[in-house]
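A short write-up of the structure that comes next.
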Amino acid sequence: MLMNIRFLITGFFFLSVLACHTSKKSTNVSEPEKKDVAEQQVERKTYRDSYTLIHDLVHTKLEVKFDWQKKYLYGKASIRLHPHFYTTDSLTLNARGMDIHEVSVIQQNEKHRPLNFSYDSLRIRIKLDKEYKRDEDVVVYVDYTSKPEELPEGGSSAITKNKGLYFINTDGADPEKPKEIWSQGETESNSAWFPTIEGPNQRMTQEVYITVDTVYKTLSNGLLITSSGNHDGTRTDYWKQSLPAAPYLTMIAVGDYAIVKDRWRNIEVNYYVEHDYEKYARMIFGHTPEMIGFFSDQLGVPFPWEKFSQVVVRDFVSGAMENTTAVVHREALQQNYREYIDDNFEDYISHELFHHWFGDLVTCESWPNITLNEGFANYSEYLWREHKFGRDDADYHNHHDQLTYLQSTQMNDPDLIRFDYDDREEMYDAVSYHKGGRVLHMLRKYVGDEAFFASLHEYLEQHAFYTVEIHDLRLAFEKVTGEDLNWFFNEWFLNHGRPALKMDYTWNDSLKTEYLTIEQTQNLQKNPLYKIPLLVDLYVNGKTERKKIIIEKTKEAFSFTLPSKPDLVNVDAEKMLLCTKADNKPKEDFIFQYYHAPLYLDRSEAISKIGNDYEANTAASKMMEDALGDQFWSIRSAAIRNIGVTAKKNKDRIKPKLLDMATTDSVSRVRIAALKALAKYYQDDDLLPVYENALNDSSYAVMTGAFKIICEKDKNKGMELAKKLEQQKDRDVMFAVASFYAQEGKEENNAFLVSALAGIKGYERYSLISSYSKYLVKTEDEKILQEGIDKLADIGRHAGSRYTRGAAVSALNDLANGFENRIEKSRKKIEELKSAQASSNQVLTEEGRQNKIIRQRDDLKNTIAEIKKNEKDKKLLKTYNGQ
């Protein structure tokens with residue numbers, strides 16, 4: 001499962017801001033009340049243990065067909081299972097919101113013997129025909145109707161809905177959207193469309209028969225065995241997966257897809273996309289066979305499943321999902337060539353593919369251990385980038401993930417493996433993903449590459465097609481390395497937080513000794529004192545010597561006898577440690593580090609440390625200018641952002657370099673940065689054609705950046721361009737035009753904003769809602785304003801994402817405040833009219849206008865109150881209530 005982490009972080013801060021704008025209630029506790037609280041019994045802390053295994057699933061056979069209009073699935077499930085250990089004559093199946101028509105046992109003669117059962121809309125409790133022992137299989141048959149659209153609203157930040165099965169545009173009302181049906185099982189949502197035993201510690205093989213109209217293609221786990229026409233004009237596709245996987249990994253997808261076929265060795269590798277993107281499918285997914293080969297070789301475990309397909313669906317409820325042999329991606333993966341230039345989704349592909357070893361082949365036995373699935377999948381992104389694009393690219397990604405983890409845990413930084421969550425989907429966060437990946441990277445750097453991958457091989461071989469917990473991973477590493485690694489796993493996997501280091505340096509010339517003092521400054525009341533093995537590189541007289549140190553105390557000093565004062569002491573020479581740090585080296589050491597230390601993070605650290613705090617024509621300014629030509633694009637971009645001092649003092653030298661970068665750099669993000677720098681530092685008229693030419697750049701992002709620059713310099717020109725750019729379908733261009741109209745738009749621009757808001761779905765609407773509300777606040781057209789309020793209210797009531805609904809309510813609050821401003825302006829105008837002894841008709845007219853605005857405000861406030869009252873999402877309700 002891949003979350004959209006940018007969305008989660010944006011949403012987190014949005015809810016924080018929204019909460020700040022709501023009133024908070026405080027309650028004073030009296031002395032007697034305090035006494036009562038003190039006398040309350042201490043309750044046992046919540047512990048989310050692994051689910052008790054009463055039965056073991058063996059095999060599930062499903063026969064499904066659909067009523068597209070009612071959004072029903074008609075299903076027949078044959079479930080083979082046996083008692084896990086104890087003899088039993090009863091069985092409980094998870095089945096959410098279904099109509100159950102028959103429950104029976106399938107006897108050896110294939111006849112059905114009805115069974116007594118009860119059903120409470122969540123579970124089917126079945127009385128079996130006899131007692132079964134652990135070596136006796138029973139096949140239970142359930143005839144049912146699944147009605148996912150009638151289920152109560154649920155979901156989380158990571159997986160926005162939990163209906164299990166989704167019917168998309170079934171009435172064809174949206175001509176821009178295909179008709180589709182697809183499923184999403186993780187964490188425990190598949191029981192909304194077939195009866196099963198939910199839980200990551202179950203495994204089963206499966207057969208799925210899907211009956212559809214012949215216009216549609218289907219996809220499910222395993223291999224397509226047969227595809228047979230029926231007398232009623234439908235077709236039944238028979239999919240079979242012969243290898244056991246957890247029930248949450250079962251999937252189906254139905255749609256009018258183009259199928260682009262590929263291979264890895266003798267295994268099918270197929271890409272299911274909408275027909276408009278068929279010609280781009282190999283561009284988007286084309287590295288997949290190479291990825292399969294790389295991961296197979298690196299792990300020493302060949303790809304273990306029958307096939308590998310990927311399908312892109314509309315309105316997906318998360319980032320992507322690693323269903324065995326049939327990965328589901330959200331629609332953003334469908335890109336044309338220009339979109340692909342700016343940002344692609346290769347990390348999604350590697351992430352979901354790697355799950356086929358970590359998560360599918362070997363599965364966490366409980367949700368507290370989810371980082372054994374997601375931490376590994378996250379780290380696969382690093383491994384693939386390192387292999388395909390080099391270490392600079394991988395380290396850039398690694399650092400970005402580290403910053404994401406640090407940013408998202410400012411308020412709360414829980415244990416990586418934790419058993420005390422309120423909701424299991426809370427585990428799908430930057431701790432399980434980004435921290436989990438960074439901890440694996442540290443483990444790799446500690447034991448070394450050979451031992452790391454040998455340990456992963458041992459772990460996979462020992463636990464293939466089975467479940468694991470964190471200690472299984474530790475034991476595999478200990479078996480390979482021979483070292484007790486409890487200290488590492490206890491500190492990093494079974495604890496929370498991260499170290500904060502302060503590093504100071506002193507050279508004693510008489511003793512020819514360099515002293516390095518490292519202090520752990522994290523709050524030790526809330527975080528552990530870490531054992532930290534580190535590598536230190538000493539640069540002396542053109543040579544580099546590597547030393548190993550171990551930090552185990554709050555403050556420790558290390559000494560190095562050297563022939564002369566070192567040019568650089570580079571602590572954490574591999575730049576692998578997950579931490580925050582205050583590195584108190586002098587600037588000249590960081591400048592030396594930029595030129596001589598080998599890694600991307602060495603150079604990035606130097607650029608960041610120098611920043612724009614330097615004088616022109618110094619060693620620091622030369623470093624920044626040289627960094628404009630760095631081998632890695634992110635360093636070039638960082639240098640552009642910090643080139644201001646040199647750019648102003650050395651225009652004749654820097655301006656041509658920025659011009660060249662703006663037009664010829666191979667990376668669009670660098671071209672954008674260069675354009676922005678030119679606009680910021682130089683007001684020359686000869687730059688206008690540069691910005692105008694950038695509107696024709698192959699990159700949408702560069703086009704958008706140029707448009708924004710032109711708008712800032714010439715609003716009339718910006719309006720001209722905005723009207724032309726309305727025809728572009730790229731979302732960044734659309735957002736830029738909407739943002740411009742929010743500030744400068746007139747009544748005639750409303751149609752574009754309404755169309756954009758209707759056309760963009762999911763979290764992307766967040767930005768559009770903000771632009772739209774700003775536009776509405778300043779419009780004088782009452783019809784446009786009321787229609788806008790109605791549209792935002794509809795989004796606030798019905799949008800699938802809590803963040804989108806919250807954004808709409810926030811926008812409505814802004815409009816309510818706008819009415820307050822209009823009322824105040826009207827009040828002042830009435831006072832002015834009265835002071836000027838204007839006619840009574842003039843005063844009455846303005847008073848009537850004011851009363852109308854008051855009614856509009858009150859109606860809007862009532863609408864907001866009604867939306868909040870009917871909101872079902874608990875987290876959003878807490879935000880609304882200021883709790």
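Every chain in the structure tokens takes a letter, A first, then B, and so on in the order presented; its residues are numbered from 1, and the ligands are numbered from 1 following the presented order.
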
Task: Contacts of region 858-870 of chain A within 9 Å, only C-alpha atoms, excl. fewer than 3 positions in-chain, as JSON, numbers by chain - done: {"A": [789, 793, 796, 797, 809, 812, 813, 815, 816, 853, 854, 855, 876, 877, 880, 881]}

Just write the chosen residues, C-alpha atoms, as an mmCIF file, in the first residue's frame.
data_model
loop_
_atom_site.group_PDB
_atom_site.id
_atom_site.type_symbol
_atom_site.label_atom_id
_atom_site.label_comp_id
_atom_site.auth_asym_id
_atom_site.auth_seq_id
_atom_site.Cartn_x
_atom_site.Cartn_y
_atom_site.Cartn_z
ATOM 1 C CA ILE A 789 -21.841 28.664 -2.065
ATOM 2 C CA ALA A 793 -21.721 23.155 0.338
ATOM 3 C CA GLY A 796 -18.598 19.840 2.092
ATOM 4 C CA ARG A 797 -21.414 17.301 2.343
ATOM 5 C CA VAL A 809 -16.240 24.055 5.028
ATOM 6 C CA LEU A 812 -17.584 28.554 3.418
ATOM 7 C CA ASN A 813 -16.342 30.048 6.684
ATOM 8 C CA LEU A 815 -17.279 33.457 2.677
ATOM 9 C CA ALA A 816 -19.232 33.963 5.904
ATOM 10 C CA ILE A 853 -26.548 40.489 3.104
ATOM 11 C CA ILE A 854 -27.424 39.647 6.712
ATOM 12 C CA ARG A 855 -29.932 37.050 5.516
ATOM 13 C CA LEU A 876 -13.133 15.927 11.126
ATOM 14 C CA LEU A 877 -15.866 16.350 13.734
ATOM 15 C CA TYR A 880 -15.007 21.228 13.670
ATOM 16 C CA ASN A 881 -15.689 21.188 17.392
#

Task: Residue contacts of Arg418 (chain A) (8 Å, only C-alpha atoms) excluding same-chain residues fewer than 5 positions away, as a list in words - done: Pro368, Asn369 and Leu494 of chain A

How would the residues just chosen look if you wrote them out with N, CA, C and O atoms as a PDB file, in the first residue's frame?
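Final output, saved to selection.pdb:
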ATOM      1  N   PRO A 368       0.285  -4.001  14.038  1.00  0.00           N
ATOM      2  CA  PRO A 368       1.398  -3.291  14.694  1.00  0.00           C
ATOM      3  C   PRO A 368       2.737  -3.516  14.021  1.00  0.00           C
ATOM      4  O   PRO A 368       3.649  -2.689  14.142  1.00  0.00           O
ATOM      5  N   ASN A 369       2.869  -4.644  13.306  1.00  0.00           N
ATOM      6  CA  ASN A 369       4.125  -4.964  12.619  1.00  0.00           C
ATOM      7  C   ASN A 369       4.127  -4.509  11.159  1.00  0.00           C
ATOM      8  O   ASN A 369       4.936  -4.990  10.364  1.00  0.00           O
ATOM      9  N   LEU A 494      11.430  -0.878  18.224  1.00  0.00           N
ATOM     10  CA  LEU A 494      10.527  -1.028  19.365  1.00  0.00           C
ATOM     11  C   LEU A 494      10.533   0.206  20.261  1.00  0.00           C
ATOM     12  O   LEU A 494      10.170   0.123  21.432  1.00  0.00           O
TER      13      LEU A 494
END

Task: Computed interatomic separation between CA of Thr506 (chain A) and CA of Phe590 (chain A) (Å) - done: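 Separation of CA of Thr506 (chain A) and CA of Phe590 (chain A): 15.6 Å.
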
DSSP says alpha helix (DSSP H) for which residues of region 664-835 of chain A? Put them as a PDB file with C-alpha atoms, in the first residue's frame?
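Result file states.pdb:
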ATOM      1  CA  THR A 664      19.058  24.134 -21.629  1.00  0.00           C
ATOM      2  CA  SER A 668      12.695  20.914 -15.633  1.00  0.00           C
ATOM      3  CA  ARG A 669      12.911  21.807 -11.940  1.00  0.00           C
ATOM      4  CA  VAL A 670      16.271  23.451 -12.530  1.00  0.00           C
ATOM      5  CA  ARG A 671      14.898  25.412 -15.476  1.00  0.00           C
ATOM      6  CA  ILE A 672      12.053  26.669 -13.278  1.00  0.00           C
ATOM      7  CA  ALA A 673      14.458  27.685 -10.508  1.00  0.00           C
ATOM      8  CA  ALA A 674      16.625  29.561 -13.007  1.00  0.00           C
ATOM      9  CA  LEU A 675      13.625  31.446 -14.425  1.00  0.00           C
ATOM     10  CA  LYS A 676      12.543  32.462 -10.932  1.00  0.00           C
ATOM     11  CA  ALA A 677      16.050  33.649 -10.084  1.00  0.00           C
ATOM     12  CA  LEU A 678      16.250  35.754 -13.243  1.00  0.00           C
ATOM     13  CA  ALA A 679      12.899  37.357 -12.395  1.00  0.00           C
ATOM     14  CA  LYS A 680      13.944  37.960  -8.804  1.00  0.00           C
ATOM     15  CA  TYR A 681      17.403  39.415  -9.335  1.00  0.00           C
ATOM     16  CA  LEU A 688      10.552  39.131 -21.131  1.00  0.00           C
ATOM     17  CA  PRO A 689      11.085  37.093 -24.346  1.00  0.00           C
ATOM     18  CA  VAL A 690      12.826  34.445 -22.215  1.00  0.00           C
ATOM     19  CA  TYR A 691       9.725  34.070 -20.048  1.00  0.00           C
ATOM     20  CA  GLU A 692       7.463  34.063 -23.088  1.00  0.00           C
ATOM     21  CA  ASN A 693       9.585  31.416 -24.810  1.00  0.00           C
ATOM     22  CA  ALA A 694       9.401  29.294 -21.658  1.00  0.00           C
ATOM     23  CA  TYR A 700       4.210  21.852 -18.061  1.00  0.00           C
ATOM     24  CA  ALA A 701       5.914  22.896 -14.831  1.00  0.00           C
ATOM     25  CA  VAL A 702       8.227  25.296 -16.676  1.00  0.00           C
ATOM     26  CA  MET A 703       5.263  26.654 -18.620  1.00  0.00           C
ATOM     27  CA  THR A 704       3.431  27.229 -15.328  1.00  0.00           C
ATOM     28  CA  GLY A 705       6.438  28.911 -13.737  1.00  0.00           C
ATOM     29  CA  ALA A 706       6.840  31.252 -16.698  1.00  0.00           C
ATOM     30  CA  PHE A 707       3.127  32.095 -16.613  1.00  0.00           C
ATOM     31  CA  LYS A 708       3.335  33.059 -12.938  1.00  0.00           C
ATOM     32  CA  ILE A 709       6.356  35.292 -13.567  1.00  0.00           C
ATOM     33  CA  ILE A 710       4.624  37.089 -16.434  1.00  0.00           C
ATOM     34  CA  CYS A 711       1.479  37.561 -14.314  1.00  0.00           C
ATOM     35  CA  GLU A 712       3.528  39.213 -11.577  1.00  0.00           C
ATOM     36  CA  LYS A 713       5.152  41.585 -14.028  1.00  0.00           C
ATOM     37  CA  LYS A 715      -1.323  41.498 -15.061  1.00  0.00           C
ATOM     38  CA  ASN A 716      -2.941  42.392 -18.398  1.00  0.00           C
ATOM     39  CA  LYS A 717      -0.547  40.074 -20.211  1.00  0.00           C
ATOM     40  CA  GLY A 718      -1.244  37.481 -17.551  1.00  0.00           C
ATOM     41  CA  MET A 719      -4.984  37.691 -18.189  1.00  0.00           C
ATOM     42  CA  GLU A 720      -4.370  37.257 -21.915  1.00  0.00           C
ATOM     43  CA  LEU A 721      -2.265  34.160 -21.301  1.00  0.00           C
ATOM     44  CA  ALA A 722      -4.636  32.736 -18.700  1.00  0.00           C
ATOM     45  CA  LYS A 723      -7.464  32.630 -21.231  1.00  0.00           C
ATOM     46  CA  LYS A 724      -5.230  30.716 -23.653  1.00  0.00           C
ATOM     47  CA  LEU A 725      -4.038  28.329 -20.949  1.00  0.00           C
ATOM     48  CA  ARG A 731      -3.376  20.121 -13.386  1.00  0.00           C
ATOM     49  CA  ASP A 732      -0.475  22.392 -12.460  1.00  0.00           C
ATOM     50  CA  VAL A 733      -1.394  24.742 -15.305  1.00  0.00           C
ATOM     51  CA  MET A 734      -5.028  24.600 -14.228  1.00  0.00           C
ATOM     52  CA  PHE A 735      -4.109  25.413 -10.622  1.00  0.00           C
ATOM     53  CA  ALA A 736      -1.920  28.335 -11.732  1.00  0.00           C
ATOM     54  CA  VAL A 737      -4.712  29.842 -13.851  1.00  0.00           C
ATOM     55  CA  ALA A 738      -7.197  29.340 -10.994  1.00  0.00           C
ATOM     56  CA  SER A 739      -4.831  31.028  -8.546  1.00  0.00           C
ATOM     57  CA  PHE A 740      -4.453  33.994 -10.896  1.00  0.00           C
ATOM     58  CA  TYR A 741      -8.220  34.298 -11.332  1.00  0.00           C
ATOM     59  CA  ALA A 742      -8.623  34.160  -7.558  1.00  0.00           C
ATOM     60  CA  GLN A 743      -6.725  37.429  -7.359  1.00  0.00           C
ATOM     61  CA  GLU A 744      -7.530  39.138 -10.662  1.00  0.00           C
ATOM     62  CA  ASN A 750     -16.132  32.044 -13.214  1.00  0.00           C
ATOM     63  CA  ALA A 751     -16.952  29.387 -15.821  1.00  0.00           C
ATOM     64  CA  PHE A 752     -13.366  28.170 -15.865  1.00  0.00           C
ATOM     65  CA  LEU A 753     -13.197  27.904 -12.058  1.00  0.00           C
ATOM     66  CA  VAL A 754     -16.469  25.983 -11.922  1.00  0.00           C
ATOM     67  CA  SER A 755     -15.339  23.646 -14.694  1.00  0.00           C
ATOM     68  CA  ALA A 756     -11.941  23.052 -13.055  1.00  0.00           C
ATOM     69  CA  LEU A 757     -13.544  22.341  -9.705  1.00  0.00           C
ATOM     70  CA  ALA A 758     -15.887  19.806 -11.303  1.00  0.00           C
ATOM     71  CA  GLY A 759     -13.141  18.200 -13.368  1.00  0.00           C
ATOM     72  CA  ARG A 765      -9.351  19.740  -5.367  1.00  0.00           C
ATOM     73  CA  TYR A 766      -7.903  21.115  -2.146  1.00  0.00           C
ATOM     74  CA  SER A 767      -5.938  23.863  -3.931  1.00  0.00           C
ATOM     75  CA  LEU A 768      -8.790  24.668  -6.321  1.00  0.00           C
ATOM     76  CA  ILE A 769     -11.242  25.097  -3.448  1.00  0.00           C
ATOM     77  CA  SER A 770      -8.936  27.679  -1.885  1.00  0.00           C
ATOM     78  CA  SER A 771      -8.634  29.627  -5.153  1.00  0.00           C
ATOM     79  CA  TYR A 772     -12.366  29.414  -5.807  1.00  0.00           C
ATOM     80  CA  SER A 773     -13.293  30.759  -2.368  1.00  0.00           C
ATOM     81  CA  LYS A 774     -10.901  33.705  -2.746  1.00  0.00           C
ATOM     82  CA  TYR A 775     -12.527  34.498  -6.079  1.00  0.00           C
ATOM     83  CA  LEU A 776     -16.017  34.288  -4.579  1.00  0.00           C
ATOM     84  CA  VAL A 777     -15.132  36.513  -1.620  1.00  0.00           C
ATOM     85  CA  LYS A 778     -14.442  39.441  -3.925  1.00  0.00           C
ATOM     86  CA  GLU A 782     -24.786  37.668  -6.472  1.00  0.00           C
ATOM     87  CA  LYS A 783     -25.747  34.819  -8.783  1.00  0.00           C
ATOM     88  CA  ILE A 784     -22.135  33.677  -9.095  1.00  0.00           C
ATOM     89  CA  LEU A 785     -21.704  33.965  -5.328  1.00  0.00           C
ATOM     90  CA  GLN A 786     -24.807  31.914  -4.483  1.00  0.00           C
ATOM     91  CA  GLU A 787     -23.971  29.238  -7.048  1.00  0.00           C
ATOM     92  CA  GLY A 788     -20.482  29.065  -5.577  1.00  0.00           C
ATOM     93  CA  ILE A 789     -21.841  28.664  -2.065  1.00  0.00           C
ATOM     94  CA  ASP A 790     -24.096  25.854  -3.277  1.00  0.00           C
ATOM     95  CA  LYS A 791     -21.188  24.070  -4.977  1.00  0.00           C
ATOM     96  CA  LEU A 792     -18.928  24.344  -1.941  1.00  0.00           C
ATOM     97  CA  ALA A 793     -21.721  23.155   0.338  1.00  0.00           C
ATOM     98  CA  ASP A 794     -22.219  20.115  -1.901  1.00  0.00           C
ATOM     99  CA  ILE A 795     -18.507  19.324  -1.676  1.00  0.00           C
ATOM    100  CA  GLY A 796     -18.598  19.840   2.092  1.00  0.00           C
ATOM    101  CA  ARG A 797     -21.414  17.301   2.343  1.00  0.00           C
ATOM    102  CA  HIS A 798     -20.450  14.668  -0.216  1.00  0.00           C
ATOM    103  CA  ARG A 802     -12.333  14.303   4.718  1.00  0.00           C
ATOM    104  CA  TYR A 803      -9.706  16.871   3.807  1.00  0.00           C
ATOM    105  CA  THR A 804     -11.661  17.979   0.763  1.00  0.00           C
ATOM    106  CA  ARG A 805     -14.847  18.248   2.829  1.00  0.00           C
ATOM    107  CA  GLY A 806     -12.946  20.163   5.492  1.00  0.00           C
ATOM    108  CA  ALA A 807     -11.453  22.491   2.893  1.00  0.00           C
ATOM    109  CA  ALA A 808     -14.935  23.234   1.541  1.00  0.00           C
ATOM    110  CA  VAL A 809     -16.240  24.055   5.028  1.00  0.00           C
ATOM    111  CA  SER A 810     -13.210  26.271   5.631  1.00  0.00           C
ATOM    112  CA  ALA A 811     -13.961  28.054   2.344  1.00  0.00           C
ATOM    113  CA  LEU A 812     -17.584  28.554   3.418  1.00  0.00           C
ATOM    114  CA  ASN A 813     -16.342  30.048   6.684  1.00  0.00           C
ATOM    115  CA  ASP A 814     -14.201  32.469   4.660  1.00  0.00           C
ATOM    116  CA  LEU A 815     -17.279  33.457   2.677  1.00  0.00           C
ATOM    117  CA  ALA A 816     -19.232  33.963   5.904  1.00  0.00           C
ATOM    118  CA  ASN A 817     -16.466  36.289   7.092  1.00  0.00           C
ATOM    119  CA  GLY A 818     -16.705  38.016   3.723  1.00  0.00           C
ATOM    120  CA  PHE A 819     -20.377  38.689   4.411  1.00  0.00           C
ATOM    121  CA  GLU A 820     -19.388  40.202   7.759  1.00  0.00           C
ATOM    122  CA  ASN A 821     -17.054  42.579   5.941  1.00  0.00           C
ATOM    123  CA  ARG A 822     -19.812  43.502   3.485  1.00  0.00           C
ATOM    124  CA  ILE A 823     -22.224  44.157   6.356  1.00  0.00           C
ATOM    125  CA  GLU A 824     -19.662  46.436   8.010  1.00  0.00           C
ATOM    126  CA  LYS A 825     -19.077  48.324   4.769  1.00  0.00           C
ATOM    127  CA  SER A 826     -22.829  48.742   4.334  1.00  0.00           C
ATOM    128  CA  ARG A 827     -23.173  49.994   7.910  1.00  0.00           C
ATOM    129  CA  LYS A 828     -20.515  52.644   7.293  1.00  0.00           C
ATOM    130  CA  LYS A 829     -22.177  53.656   4.044  1.00  0.00           C
ATOM    131  CA  ILE A 830     -25.520  54.103   5.818  1.00  0.00           C
ATOM    132  CA  GLU A 831     -23.822  56.306   8.390  1.00  0.00           C
ATOM    133  CA  GLU A 832     -22.218  58.353   5.616  1.00  0.00           C
ATOM    134  CA  LEU A 833     -25.553  58.750   3.831  1.00  0.00           C
ATOM    135  CA  LYS A 834     -27.230  59.897   7.001  1.00  0.00           C
ATOM    136  CA  SER A 835     -24.379  62.304   7.788  1.00  0.00           C
TER     137      SER A 835
END

- [ ] In Å, rounded to a single decimal, give me how far CA of Glu306 (chain A) is from CA of Ser242 (chain A).
- [x]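 Going from CA of Ser242 (chain A) over to CA of Glu306 (chain A) covers 8.2 Å.
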
Which residues of region 397-488 of chain A come within 10 Å of region 143-161 of chain A, and what is each one's closest atom pair and distance in Å (one decimal), counting only C-alpha atoms, sorted by chain and residue number, as CSV?
residue,atom,partner,partner_atom,distance
A:Asp423,CA,A:Ser156,CA,8.9
A:Arg424,CA,A:Ser156,CA,9.6
A:Glu425,CA,A:Ser156,CA,6.5
A:Glu426,CA,A:Ser156,CA,7.7
A:Met427,CA,A:Ala158,CA,9.1
A:Tyr428,CA,A:Ala158,CA,6.1
A:Asp429,CA,A:Ala158,CA,7.4

Task: Pairwise distance for CA of Pro200 (chain A) and CA of Glu188 (chain A), rounded to one decimal in Å - done: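 For CA of Pro200 (chain A) relative to CA of Glu188 (chain A), the distance reads 8.7 Å.
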
Report as CSV: every residue of region 306-425 of chain A with an atom at most 12 Å from region 557-580 of chain A, its closest pair of atoms, and their distance in Å to one decimal, counting only C-alpha atoms, with rows sorted by chain and ascending residue number.
residue,atom,partner,partner_atom,distance
A:Arg391,CA,A:Glu574,CA,11.3
A:Asp392,CA,A:Lys575,CA,11.7
A:Ala394,CA,A:Met576,CA,11.9
A:Asp395,CA,A:Lys575,CA,8.7
A:Tyr396,CA,A:Lys575,CA,11.2
A:Asn398,CA,A:Met576,CA,9.1
A:His399,CA,A:Leu578,CA,9.3
A:His400,CA,A:Leu578,CA,11.8
A:Asp401,CA,A:Leu578,CA,10.4
A:Gln402,CA,A:Leu578,CA,7.1
A:Leu403,CA,A:Leu578,CA,9.7
A:Thr404,CA,A:Leu578,CA,11.9
A:Tyr405,CA,A:Leu578,CA,9.8
A:Leu406,CA,A:Thr580,CA,8.7
A:Gln407,CA,A:Thr580,CA,11.6

- [ ] Please identify all polymer residues within 12 Å of Leu224 (chain A), counting only C-alpha atoms, omitting same-chain residues fewer than 5 positions from it, and present them as a list in words.
- [x] Glu207, Val208, Tyr209, Ile210, Lys217, Thr218, Leu219, Thr236, Asp237, Tyr238, Trp239, Lys240, Gln241, Ser242, Glu268, Glu306, Lys307, Ser309, Thr325 and Ala326 of chain A

What would the file look like if the residues just selected were written as a tab-separated table (two decimals), in the first residue's frame with C-alpha atoms?
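Printed below is part_22.tsv as written:
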chain	number	residue	atom	x	y	z
A	207	GLU	CA	-10.34	-18.91	-7.76
A	208	VAL	CA	-12.46	-16.01	-8.98
A	209	TYR	CA	-15.09	-16.27	-11.72
A	210	ILE	CA	-16.11	-12.79	-12.91
A	217	LYS	CA	-11.88	-6.46	-19.42
A	218	THR	CA	-11.33	-8.02	-16.00
A	219	LEU	CA	-8.34	-8.48	-13.75
A	236	THR	CA	-17.14	-15.17	-17.56
A	237	ASP	CA	-13.43	-14.87	-16.86
A	238	TYR	CA	-11.87	-17.50	-14.62
A	239	TRP	CA	-8.85	-16.35	-12.59
A	240	LYS	CA	-6.84	-18.75	-10.45
A	241	GLN	CA	-4.06	-18.06	-7.94
A	242	SER	CA	-2.37	-21.28	-6.82
A	268	GLU	CA	3.45	-12.19	-17.94
A	306	GLU	CA	2.47	-16.39	-11.37
A	307	LYS	CA	2.30	-13.00	-13.10
A	309	SER	CA	-0.05	-6.93	-13.73
A	325	THR	CA	0.06	-10.27	-9.05
A	326	ALA	CA	-2.40	-7.40	-9.67

TODO: For region 456-462 of chain A, work out the shell of residues within 8 Å, counting only C-alpha atoms and skipping chain neighbours fewer than 2 positions away, then give it as a PyMOL selection string.
DONE: chain A and resi 299-301+357+361-362+452-454+464+472-473+476-477+480

Task: Residues near Tyr271 (chain A), cut-off 12 Å, only C-alpha atoms, skip fewer than 2 positions along chain, as a PyMOL selection string - done: chain A and resi 219+257-263+268-269+273-275+277-289+307-313+325-329+333-334+349

Open item on the list: Please list as a PyMOL selection string every residue within 7 Å of Tyr379 (chain A), counting only C-alpha atoms and excluding residues in the same chain fewer than 4 positions away.
Closed with: chain A and resi 375+383+437

Open item on the list: If we count only C-alpha atoms and set the cut-off at 12 Å, which residues sit around Trp487 (chain A), ignoring sequence neighbours fewer than 4 positions away in its own chain? Please answer as a ChimeraX atom specification.
Closed with: /A:443,474,478,483,491-495,528-533,552

Output C-alpha atoms of each residue in that selection to a file, as a PDB file, in the first residue's frame.
ATOM      1  CA  LEU A 443      20.831  -1.433   9.451  1.00  0.00           C
ATOM      2  CA  ARG A 474      16.127  -9.719  13.986  1.00  0.00           C
ATOM      3  CA  GLU A 478      21.603 -12.447  13.911  1.00  0.00           C
ATOM      4  CA  GLU A 483      25.850 -10.627  16.372  1.00  0.00           C
ATOM      5  CA  GLU A 491      16.146   1.327  20.003  1.00  0.00           C
ATOM      6  CA  TRP A 492      14.860   1.742  16.484  1.00  0.00           C
ATOM      7  CA  PHE A 493      11.978  -0.682  15.867  1.00  0.00           C
ATOM      8  CA  LEU A 494      10.527  -1.028  19.365  1.00  0.00           C
ATOM      9  CA  ASN A 495      10.951   2.555  20.471  1.00  0.00           C
ATOM     10  CA  PRO A 528      15.993   6.831  24.473  1.00  0.00           C
ATOM     11  CA  LEU A 529      19.700   7.370  24.857  1.00  0.00           C
ATOM     12  CA  TYR A 530      20.984   5.751  21.689  1.00  0.00           C
ATOM     13  CA  LYS A 531      23.902   3.510  20.919  1.00  0.00           C
ATOM     14  CA  ILE A 532      25.132   4.999  17.641  1.00  0.00           C
ATOM     15  CA  PRO A 533      27.921   3.411  15.586  1.00  0.00           C
ATOM     16  CA  GLU A 552      26.757   5.462  23.905  1.00  0.00           C
TER      17      GLU A 552
END

Task: Counting only C-alpha atoms, the residue of A:Ala627, A:Val58, A:Met3, A:Leu165 that sits nearest Tyr72 (chain A) - done: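 Smallest distance to Tyr72 (chain A) is found for A:Leu165.
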
Open item on the list: If DSSP is run on the backbone, what residues of region 549-791 of chain A are strand (DSSP E or B)? A reply as a PyMOL selection string would be ideal.
Closed with: chain A and resi 549-551+555-561+568-571+580-583

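If only C-alpha atoms are the atoms counted, then among A:His101, A:Arg444, A:Lys648, A:Lys553 the closest residue to Thr481 (chain A) is A:Arg444.
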